[in-house]
file coords_34.txt (compact mmCIF, C-alpha atoms)
# COMPACT_ATOMS: atom_id res chain seq x y z
CA MET D 1 83.04 116.20 83.23
CA VAL D 2 84.48 119.70 83.00
CA LEU D 3 87.16 121.12 85.21
CA ASN D 4 86.91 124.59 86.67
CA SER D 5 88.28 127.70 85.02
CA ALA D 6 91.49 127.56 87.01
CA TRP D 7 92.40 124.50 84.98
CA GLN D 8 92.25 126.31 81.67
CA PRO D 9 95.65 126.05 79.97
CA ASP D 10 98.04 128.95 79.65
CA ARG D 11 97.23 130.91 76.50
CA HIS D 12 100.88 131.96 76.36
CA ASP D 13 102.12 128.40 76.07
CA SER D 14 105.31 128.51 74.01
CA VAL D 15 108.45 126.56 73.28
CA ALA D 16 110.37 128.94 75.54
CA GLY D 17 107.97 128.23 78.39
CA ARG D 18 108.17 124.48 77.98
CA TRP D 19 111.96 124.63 78.21
CA SER D 20 112.17 127.35 80.84
CA LEU D 21 113.83 127.37 84.28
CA SER D 22 110.48 126.57 85.93
CA SER D 23 110.06 123.53 83.73
CA ALA D 24 113.63 122.39 84.42
CA LEU D 25 113.16 122.73 88.19
CA ALA D 26 109.86 120.83 87.94
CA SER D 27 111.62 117.96 86.16
CA ALA D 28 114.39 117.71 88.76
CA PRO D 29 112.38 115.79 91.42
CA LEU D 30 111.48 113.17 88.80
CA ALA D 31 114.99 112.85 87.40
CA LEU D 32 116.58 112.71 90.87
CA ILE D 33 114.40 109.88 92.17
CA VAL D 34 117.10 107.46 91.07
CA ALA D 35 119.77 109.30 93.10
CA GLY D 36 118.38 107.96 96.35
CA PRO D 37 119.36 109.63 99.65
CA ALA D 38 121.25 112.91 99.30
CA ILE D 39 121.69 113.45 103.04
CA VAL D 40 122.09 110.71 105.63
CA ALA D 41 121.93 111.96 109.21
CA HIS D 42 122.26 109.94 112.40
CA ILE D 43 120.03 111.34 115.14
CA GLY D 44 119.55 109.68 118.49
CA GLY D 45 120.69 106.29 117.25
CA ARG D 46 118.41 106.48 114.21
CA THR D 47 119.18 107.12 110.57
CA LEU D 48 117.38 109.92 108.74
CA ASN D 49 117.49 109.78 104.94
CA VAL D 50 116.74 112.96 102.99
CA TYR D 51 116.32 112.01 99.35
CA ALA D 52 117.67 114.03 96.45
CA SER D 53 114.15 114.30 95.04
CA GLN D 54 113.00 115.88 98.31
CA VAL D 55 115.76 118.49 98.08
CA ALA D 56 114.66 119.20 94.50
CA VAL D 57 111.04 119.56 95.68
CA ALA D 58 112.12 122.12 98.29
CA ILE D 59 114.01 124.15 95.66
CA LEU D 60 111.01 123.97 93.31
CA ILE D 61 108.59 125.21 96.00
CA ILE D 62 110.91 128.11 96.90
CA HIS D 63 111.19 129.04 93.21
CA MET D 64 107.41 128.95 92.75
CA ALA D 65 106.87 131.06 95.89
CA LEU D 66 109.37 133.71 94.78
CA THR D 67 107.93 133.73 91.25
CA SER D 68 104.42 134.17 92.65
CA LEU D 69 105.54 137.09 94.84
CA ALA D 70 107.06 138.81 91.81
CA GLN D 71 103.83 138.56 89.81
CA THR D 72 101.12 141.18 90.06
CA ASN D 73 98.40 138.89 88.70
CA ARG D 74 98.67 135.73 90.77
CA SER D 75 96.81 132.66 89.60
CA VAL D 76 94.58 130.70 91.97
CA LEU D 77 95.53 127.13 92.76
CA PRO D 78 93.03 124.85 90.96
CA ARG D 79 90.22 123.44 93.06
CA GLU D 80 91.29 119.78 92.81
CA MET D 81 94.81 120.68 93.91
CA ARG D 82 93.50 122.62 96.90
CA TRP D 83 91.39 119.62 97.88
CA LEU D 84 94.30 117.20 97.68
CA LEU D 85 96.59 119.60 99.54
CA GLY D 86 94.03 120.05 102.31
CA ALA D 87 93.39 116.31 102.56
CA SER D 88 97.14 115.68 102.87
CA ALA D 89 97.43 118.33 105.59
CA LEU D 90 94.55 116.69 107.46
CA LEU D 91 96.60 113.49 107.63
CA ALA D 92 99.19 115.31 109.75
CA LEU D 93 96.85 115.03 112.73
CA PRO D 94 97.48 111.28 113.28
CA LEU D 95 101.05 112.23 114.22
CA LEU D 96 99.67 113.41 117.55
CA TRP D 97 98.71 109.88 118.61
CA SER D 98 101.47 107.94 116.86
CA THR D 99 103.13 105.34 119.10
CA ASP D 100 106.52 106.30 117.64
CA PHE D 101 106.46 110.03 116.94
CA ALA D 102 109.95 110.23 115.39
CA ALA D 103 109.31 107.40 112.94
CA GLY D 104 105.82 108.72 112.27
CA ALA D 105 107.13 112.21 111.53
CA VAL D 106 109.60 110.83 108.97
CA ALA D 107 106.87 108.72 107.36
CA TYR D 108 104.49 111.68 107.12
CA LEU D 109 107.18 114.04 105.79
CA ASN D 110 107.96 111.53 103.02
CA PHE D 111 104.26 111.34 102.15
CA ALA D 112 103.75 115.11 102.33
CA SER D 113 106.88 116.06 100.38
CA GLY D 114 105.93 113.64 97.59
CA THR D 115 102.39 115.00 97.49
CA ILE D 116 103.46 118.66 97.49
CA GLY D 117 106.15 117.95 94.91
CA GLY D 118 103.70 116.10 92.66
CA LEU D 119 101.21 118.98 92.90
CA ALA D 120 103.92 121.54 92.11
CA ILE D 121 105.01 119.57 89.04
CA ALA D 122 101.40 119.18 87.90
CA ARG D 123 100.76 122.91 88.38
CA ILE D 124 103.69 123.90 86.18
CA TRP D 125 103.02 121.14 83.65
CA SER D 126 99.42 122.29 83.19
CA ASN D 127 100.67 125.59 81.76
CA PHE D 128 102.35 124.03 78.75
CA ARG D 129 100.98 120.57 78.19
CA SER D 130 100.50 120.96 74.42
CA GLY D 131 104.10 119.93 73.73
CA TYR D 132 107.08 118.18 75.23
CA SER D 133 108.93 119.93 78.05
CA TRP D 134 111.66 119.37 80.62
CA ILE D 135 109.10 117.47 82.69
CA ASP D 136 108.77 114.86 79.96
CA ALA D 137 112.56 114.69 79.91
CA GLY D 138 112.47 114.09 83.68
CA TYR D 139 110.24 111.04 83.26
CA VAL D 140 112.44 109.68 80.47
CA LEU D 141 115.65 110.28 82.44
CA PHE D 142 114.11 108.49 85.42
CA LEU D 143 113.45 105.49 83.17
CA LEU D 144 116.88 105.46 81.54
CA VAL D 145 118.90 105.74 84.73
CA GLY D 146 116.55 103.49 86.69
CA VAL D 147 116.84 100.76 84.05
CA ALA D 148 120.63 101.11 83.98
CA GLN D 149 120.78 100.78 87.78
CA LEU D 150 118.53 97.74 87.74
CA VAL D 151 120.43 96.02 84.92
CA LEU D 152 123.70 96.56 86.78
CA SER D 153 122.17 95.09 89.93
CA LEU D 154 120.60 92.13 88.11
CA SER D 155 123.89 91.33 86.38
CA LYS D 156 125.25 90.28 89.77
CA ALA D 157 122.66 87.52 90.15
CA THR D 158 124.18 84.04 90.24
CA SER D 159 121.18 82.49 88.47
CA VAL D 160 117.81 83.31 86.95
CA THR D 161 116.06 82.22 90.13
CA ALA D 162 118.11 84.73 92.17
CA LEU D 163 117.11 87.77 90.10
CA HIS D 164 114.49 88.93 92.61
CA GLN D 165 116.94 89.00 95.52
CA SER D 166 119.51 90.87 93.39
CA SER D 167 117.20 93.70 92.29
CA GLN D 168 118.44 96.47 94.57
CA THR D 169 118.93 100.15 93.76
CA PRO D 170 119.77 103.28 95.81
CA TRP D 171 116.09 104.31 95.82
CA GLY D 172 114.38 100.98 96.47
CA ASN D 173 114.38 97.25 95.93
CA SER D 174 112.63 94.56 93.89
CA ASN D 175 108.84 95.00 93.90
CA PHE D 176 108.77 98.74 94.56
CA VAL D 177 111.42 99.58 91.96
CA ALA D 178 109.81 97.36 89.33
CA GLY D 179 106.37 98.83 90.00
CA CYS D 180 107.64 102.43 89.77
CA LEU D 181 109.43 101.70 86.50
CA VAL D 182 106.20 100.28 85.08
CA VAL D 183 104.27 103.40 86.16
CA GLY D 184 106.93 105.69 84.68
CA SER D 185 106.92 103.69 81.45
CA MET D 186 103.14 103.94 81.14
CA ALA D 187 103.36 107.71 81.73
CA VAL D 188 105.91 108.08 78.92
CA ILE D 189 103.80 105.90 76.61
CA GLY D 190 100.78 108.06 77.37
CA ARG D 191 102.66 111.23 76.50
CA ALA D 192 104.18 109.72 73.37
CA VAL D 193 100.82 108.54 72.05
CA SER D 194 99.17 111.86 72.91
CA MET D 195 101.86 114.11 71.46
CA GLY D 196 102.59 112.01 68.37
CA ARG D 197 106.17 113.22 67.94
CA TYR D 198 109.00 110.78 68.75
CA ARG D 199 106.30 108.24 69.48
CA LYS D 200 108.17 105.15 68.30
CA SER D 201 111.38 106.01 70.14
CA LEU D 202 109.67 106.81 73.43
CA ILE D 203 107.46 103.74 73.30
CA MET D 204 110.52 101.60 72.59
CA VAL D 205 112.32 103.03 75.64
CA SER D 206 109.23 102.41 77.77
CA VAL D 207 108.78 98.82 76.58
CA ILE D 208 112.43 98.08 77.33
CA ALA D 209 111.98 99.53 80.83
CA ILE D 210 108.93 97.31 81.41
CA CYS D 211 110.84 94.24 80.20
CA VAL D 212 113.70 95.00 82.60
CA ALA D 213 111.17 95.47 85.39
CA MET D 214 109.82 92.00 84.59
CA LEU D 215 113.32 90.57 85.14
CA THR D 216 112.97 91.35 88.85
CA LEU D 217 110.40 88.51 88.97
CA SER D 218 108.03 90.87 90.75
CA ARG D 219 104.43 89.73 90.66
CA GLY D 220 103.26 93.26 91.46
CA ALA D 221 105.05 94.59 88.38
CA VAL D 222 103.38 91.92 86.24
CA ILE D 223 99.95 92.96 87.53
CA ALA D 224 100.70 96.69 87.04
CA SER D 225 101.89 96.05 83.47
CA CYS D 226 98.76 94.01 82.81
CA VAL D 227 96.45 96.78 84.08
CA GLY D 228 98.25 99.47 82.06
CA ALA D 229 98.30 97.38 78.88
CA VAL D 230 94.58 96.55 79.16
CA ILE D 231 93.71 100.25 79.54
CA LEU D 232 95.89 101.16 76.54
CA ALA D 233 94.35 98.46 74.36
CA TRP D 234 90.78 99.27 75.36
CA THR D 235 91.34 103.01 74.91
CA ALA D 236 92.76 102.41 71.44
CA SER D 237 89.71 100.37 70.48
CA GLY D 238 87.42 103.10 71.82
CA ARG D 239 89.23 105.69 69.74
CA LEU D 240 88.80 103.59 66.61
CA GLN D 241 85.10 103.16 67.38
CA ARG D 242 84.62 106.93 67.69
CA ARG D 243 86.42 107.50 64.40
CA HIS D 244 84.22 104.85 62.80
CA HIS D 245 81.10 106.86 63.76
CA GLU D 246 82.62 110.29 63.05
CA VAL D 247 84.15 109.64 59.61
CA PRO D 248 81.70 109.30 56.67
CA HIS D 249 81.57 105.74 55.35
CA THR D 250 82.73 106.64 51.84
CA ASN D 251 85.42 103.98 51.91
CA ILE D 252 83.89 100.66 52.91
CA GLY D 253 87.27 98.92 52.88
CA ALA D 254 88.81 101.42 55.31
CA ALA D 255 85.77 101.18 57.58
CA ARG D 256 86.04 97.41 57.69
CA GLN D 257 89.75 97.65 58.40
CA ARG D 258 89.10 99.97 61.35
CA ALA D 259 86.45 97.62 62.67
CA SER D 260 88.86 94.68 62.39
CA VAL D 261 91.63 96.56 64.23
CA GLN D 262 89.14 97.62 66.89
CA LEU D 263 88.10 94.00 67.41
CA LEU D 264 91.77 93.01 67.58
CA PHE D 265 92.46 95.55 70.34
CA ARG D 266 89.44 94.36 72.34
CA VAL D 267 90.45 90.72 72.03
CA LEU D 268 93.97 91.71 73.06
CA ALA D 269 92.59 93.51 76.12
CA CYS D 270 90.83 90.28 77.12
CA LEU D 271 93.88 88.06 76.50
CA ILE D 272 96.37 90.22 78.44
CA PRO D 273 95.04 89.21 81.91
CA ILE D 274 95.30 85.52 80.97
CA THR D 275 98.91 86.07 79.88
CA ALA D 276 99.61 87.93 83.12
CA LEU D 277 98.20 85.05 85.18
CA LEU D 278 100.47 82.58 83.39
CA ALA D 279 103.43 84.94 83.95
CA ILE D 280 102.67 85.21 87.67
CA ASN D 281 102.57 81.42 88.00
CA HIS D 282 105.90 81.13 86.15
CA VAL D 283 107.52 83.86 88.28
CA THR D 284 106.28 82.21 91.46
CA ALA D 285 107.72 78.85 90.38
CA LEU D 286 111.11 80.42 89.60
CA ARG D 287 111.33 82.22 92.93
CA ALA D 288 110.21 79.12 94.80
CA GLN D 289 113.35 77.34 93.61
CA VAL D 290 115.40 79.64 95.86
CA ASN D 291 113.27 79.44 99.01
CA SER D 292 109.68 79.38 100.21
CA GLN D 293 109.65 83.12 100.93
CA VAL D 294 107.66 83.71 97.75
CA TYR D 295 104.72 81.98 99.46
CA SER D 296 105.32 83.42 102.92
CA ASN D 297 105.32 86.93 101.40
CA VAL D 298 101.69 86.42 100.45
CA ASP D 299 100.83 85.19 103.95
CA THR D 300 102.64 88.17 105.49
CA ARG D 301 100.76 90.65 103.32
CA LEU D 302 97.43 89.05 104.13
CA ALA D 303 98.33 89.23 107.83
CA LEU D 304 99.21 92.92 107.41
CA TYR D 305 95.90 93.59 105.66
CA GLN D 306 94.04 91.90 108.47
CA LEU D 307 96.00 93.79 111.10
CA ALA D 308 95.48 97.16 109.38
CA TRP D 309 91.74 96.54 109.21
CA GLN D 310 91.64 95.56 112.87
CA GLU D 311 93.49 98.75 113.79
CA PHE D 312 91.01 100.78 111.76
CA VAL D 313 88.04 99.04 113.40
CA ARG D 314 89.60 99.72 116.81
CA GLU D 315 89.97 103.46 116.08
CA PRO D 316 87.66 104.20 113.13
CA LEU D 317 87.55 107.97 113.59
CA THR D 318 91.21 108.79 114.17
CA GLY D 319 93.21 105.72 113.17
CA THR D 320 96.23 104.65 115.18
CA GLY D 321 98.78 107.07 113.70
CA TRP D 322 101.79 107.10 111.43
CA ALA D 323 104.29 104.24 111.94
CA SER D 324 102.11 102.79 114.69
CA LEU D 325 101.85 99.58 112.69
CA ARG D 326 105.50 98.75 113.37
CA GLN D 327 105.11 97.32 116.86
CA ALA D 328 101.71 95.78 116.16
CA SER D 329 102.95 94.02 112.99
CA LEU D 330 105.97 92.64 114.83
CA LEU D 331 103.70 90.97 117.34
CA PHE D 332 100.98 89.97 114.87
CA ALA D 333 102.88 88.98 111.70
CA GLY D 334 106.41 88.44 112.99
CA GLU D 335 107.79 91.34 110.89
CA SER D 336 108.07 95.03 111.70
CA GLN D 337 106.41 96.96 108.87
CA THR D 338 105.74 100.70 108.72
CA PHE D 339 102.87 100.30 106.24
CA ALA D 340 100.32 97.62 105.44
CA HIS D 341 101.46 97.29 101.80
CA ASN D 342 98.00 98.30 100.62
CA SER D 343 97.47 102.04 100.37
CA VAL D 344 93.74 101.96 101.17
CA LEU D 345 94.09 99.80 104.28
CA SER D 346 97.30 101.57 105.25
CA LEU D 347 95.74 105.04 105.21
CA LEU D 348 92.64 103.80 107.02
CA GLN D 349 94.91 102.36 109.73
CA ILE D 350 96.91 105.60 109.92
CA GLY D 351 94.10 108.16 109.93
CA GLY D 352 90.78 106.36 110.08
CA ALA D 353 88.01 108.69 108.91
CA LEU D 354 90.61 111.47 108.51
CA SER D 355 92.02 109.60 105.51
CA LEU D 356 88.68 109.42 103.67
CA PRO D 357 89.00 112.86 101.97
CA TYR D 358 92.42 111.90 100.58
CA LEU D 359 91.18 108.52 99.37
CA ALA D 360 88.08 110.14 97.81
CA ILE D 361 90.13 112.71 95.86
CA VAL D 362 92.61 110.11 94.62
CA SER D 363 89.69 107.90 93.60
CA LEU D 364 88.07 110.78 91.71
CA LEU D 365 91.29 111.65 89.89
CA SER D 366 91.85 107.99 89.04
CA PHE D 367 88.32 107.54 87.73
CA ARG D 368 88.61 110.62 85.52
CA ALA D 369 91.97 109.53 84.20
CA ILE D 370 90.94 105.97 83.39
CA ARG D 371 87.49 106.85 82.05
CA PHE D 372 88.28 110.03 80.12
CA GLY D 373 92.07 110.45 80.10
CA GLY D 374 92.84 108.40 77.00
CA PRO D 375 96.33 106.85 77.03
CA TYR D 376 97.19 108.69 80.26
CA GLY D 377 94.86 106.34 82.11
CA ALA D 378 97.36 103.49 81.72
CA ALA D 379 99.87 105.08 84.13
CA VAL D 380 97.12 105.85 86.63
CA GLY D 381 95.75 102.31 86.46
CA ALA D 382 99.25 100.89 86.92
CA SER D 383 99.73 103.17 89.95
CA ILE D 384 96.56 101.87 91.56
CA ALA D 385 97.71 98.29 90.93
CA VAL D 386 101.12 98.93 92.54
CA SER D 387 99.49 100.65 95.53
CA MET D 388 97.50 97.50 96.31
CA THR D 389 100.65 95.55 97.20
CA ASP D 390 103.26 98.22 98.04
CA PRO D 391 103.37 101.52 99.98
CA PHE D 392 103.11 103.55 96.76
CA PHE D 393 101.01 106.56 97.76
CA GLU D 394 102.71 106.71 101.15
CA SER D 395 106.12 107.23 99.49
CA VAL D 396 107.92 110.19 97.96
CA THR D 397 108.52 108.38 94.67
CA GLY D 398 104.98 107.12 94.20
CA ASN D 399 103.38 110.53 94.61
CA LEU D 400 105.95 112.25 92.38
CA LEU D 401 105.18 109.78 89.58
CA PHE D 402 101.42 109.52 90.04
CA ILE D 403 100.12 113.02 90.83
CA PRO D 404 101.45 114.92 87.77
CA ILE D 405 100.21 112.36 85.24
CA ALA D 406 96.87 112.00 87.08
CA PHE D 407 96.22 115.73 86.86
CA ILE D 408 97.33 115.88 83.21
CA ALA D 409 94.90 113.03 82.53
CA SER D 410 92.17 115.01 84.30
CA LEU D 411 93.05 118.04 82.20
CA SER D 412 92.50 116.02 79.05
CA CYS D 413 88.92 115.37 80.24
CA SER D 414 88.09 118.91 79.14
CA THR D 415 88.95 118.02 75.54
CA SER D 416 87.79 114.41 75.44
CA PRO D 417 85.13 113.49 72.88
CA GLN D 418 82.58 112.80 75.63
CA THR D 419 83.12 116.16 77.28
CA ALA D 420 83.34 118.02 73.99
CA LYS D 421 79.76 117.00 73.26
CA THR D 422 78.69 118.51 76.58
CA VAL D 423 80.73 121.67 76.33
CA GLY D 424 80.09 122.15 72.63
CA LYS D 425 83.69 122.68 71.61
CA SER D 426 87.25 121.84 72.54
CA LEU D 427 89.77 124.28 73.91
CA PRO D 428 90.98 126.64 71.19
CA HIS D 429 94.61 125.56 71.00
CA GLU D 430 94.08 121.85 71.67
CA LYS D 431 93.37 119.29 69.00
CA GLU D 432 91.31 116.32 70.03
CA GLU D 433 93.20 114.28 67.46
CA ILE D 434 96.44 114.87 69.36
CA LEU D 435 95.07 113.99 72.77
CA TYR D 436 93.50 110.74 71.66
CA PHE D 437 95.64 108.44 69.55
CA PRO D 438 96.69 110.59 66.60
CA ALA D 439 95.84 109.37 63.14
CA HIS D 440 99.00 110.80 61.63
CA ARG D 441 102.14 108.70 61.63
CA THR D 442 105.62 109.81 62.70

call {"tool": "encode", "arguments": {"input": "coords_34.txt", "output": "structure tokens"}}
result
Amino acid sequence: MVLNSAWQPDRHDSVAGRWSLSSALASAPLALIVAGPAIVAHIGGRTLNVYASQVAVAILIIHMALTSLAQTNRSVLPREMRWLLGASALLALPLLWSTDFAAGAVAYLNFASGTIGGLAIARIWSNFRSGYSWIDAGYVLFLLVGVAQLVLSLSKATSVTALHQSSQTPWGNSNFVAGCLVVGSMAVIGRAVSMGRYRKSLIMVSVIAICVAMLTLSRGAVIASCVGAVILAWTASGRLQRRHHEVPHTNIGAARQRASVQLLFRVLACLIPITALLAINHVTALRAQVNSQVYSNVDTRLALYQLAWQEFVREPLTGTGWASLRQASLLFAGESQTFAHNSVLSLLQIGGALSLPYLAIVSLLSFRAIRFGGPYGAAVGASIAVSMTDPFFESVTGNLLFIPIAFIASLSCSTSPQTAKTVGKSLPHEKEEILYFPAHRT
């Protein structure tokens, strides 16, 4: 599966480029996620929150536009990015028939700013992905500050059973925060494994972030961690299998050792879901000691799924519009919810058939990342898992975390072993060994 020529990496990739102003501005939306709202405006009795990451996205877009105007040889936006941008613009149409235009406009602007910001980060990142950059630092800073915020919040819990209710941060609460930290951790792990350098340190930071996310007693975070870990383990076993066939069997002992480690990774990939199921049962039991909301949350989500599907069936071509679920969910489920807490059903409810291009492109990117993206697939798989129970793709934060790593994973398709056989060779400056679980140790 080969990407078009517009995806070919920058031949002038250098250390200076990776740590340039463009790279720093591209990292700002990621690093500023944890800052929460930067501007809080009260308009017509309603509160409008403009997040710091959205301000950073606006500055990044202005910088990229001015830089493009100053260049005589302007590059073309890659095909996949144009598709996703067009599909996102198409979803602006449901604003016209939203039952609450003001709320719908805010919801769409959050979605659109996250999508545009994620695409801008991915575009800059694709120019110098052969080494660490400010963008990697943005992911790591997001993890460090996000974990510190969550630990400070959790420290106020009166008991272990009250941890879930205490997990509040300026940029989100409980399930959403825990899920985003898991996705960010998997992204950092993917980069660390791919790059090789500082691998142990970065993986340690990521594992700590995942452990802190587990302290929120979020079942969604447990599932996302499970999905990411399974993809990492299975990818590692696949890499060992390829090396087993590629390396001459001159050392029988080493070959047997690789086969044993490969079997270990595959067994681990099968055991992780069982462990996750036990963890979910334990988390549910702990939260049930506080109140029965842990069970009613499931009923509410199922009711929202049913309602979103009914809304889609009622208006299959156009959907019912952004934020139109609020009034319907209040009557149907007893709670006013902007989204259905399942990105597929939510977008179908919002835009009907108009959402299908967006869902198709995200599905394609996700398939490429998980099937061919090596360790990057873990973050993409975790994102999909979070989006099944939370408004992940509808949010600013979710798109900023998901889109850059999804496109980087798609970029690595062009140098994957499967694609290399089709193309005949890897890209000149990329080493397959670096992109897929390096053999060297650091």

call {"tool": "closest_residue", "arguments": {"input": "coords_34.txt", "among": "D:Val207, D:Leu401, D:Leu348, D:Ala162", "to": "Val283 in chain D", "atoms": "only C-alpha atoms"}}
result
D:Ala162

call {"tool": "atom_distance", "arguments": {"input": "coords_34.txt", "atom1": "CA of Ile280 in chain D", "atom2": "CA of Arg219 in chain D"}}
result
5.7 Å

call {"tool": "closest_residue", "arguments": {"input": "coords_34.txt", "among": "D:Leu359, D:Thr318, D:Leu143, D:Thr216", "to": "Leu202 in chain D", "atoms": "all atoms listed in the file"}}
result
D:Leu143

call {"tool": "atom_distance", "arguments": {"input": "coords_34.txt", "atom1": "CA of Ala65 in chain D", "atom2": "CA of Leu109 in chain D"}}
result
19.7 Å

call {"tool": "atom_distance", "arguments": {"input": "coords_34.txt", "atom1": "CA of Ser206 in chain D", "atom2": "CA of Gly373 in chain D"}}
result
19.1 Å

call {"tool": "closest_residue", "arguments": {"input": "coords_34.txt", "among": "D:Leu25, D:Ala233, D:Met64, D:Ile370", "to": "Gln262 in chain D", "atoms": "all atoms listed in the file"}}
result
D:Ala233
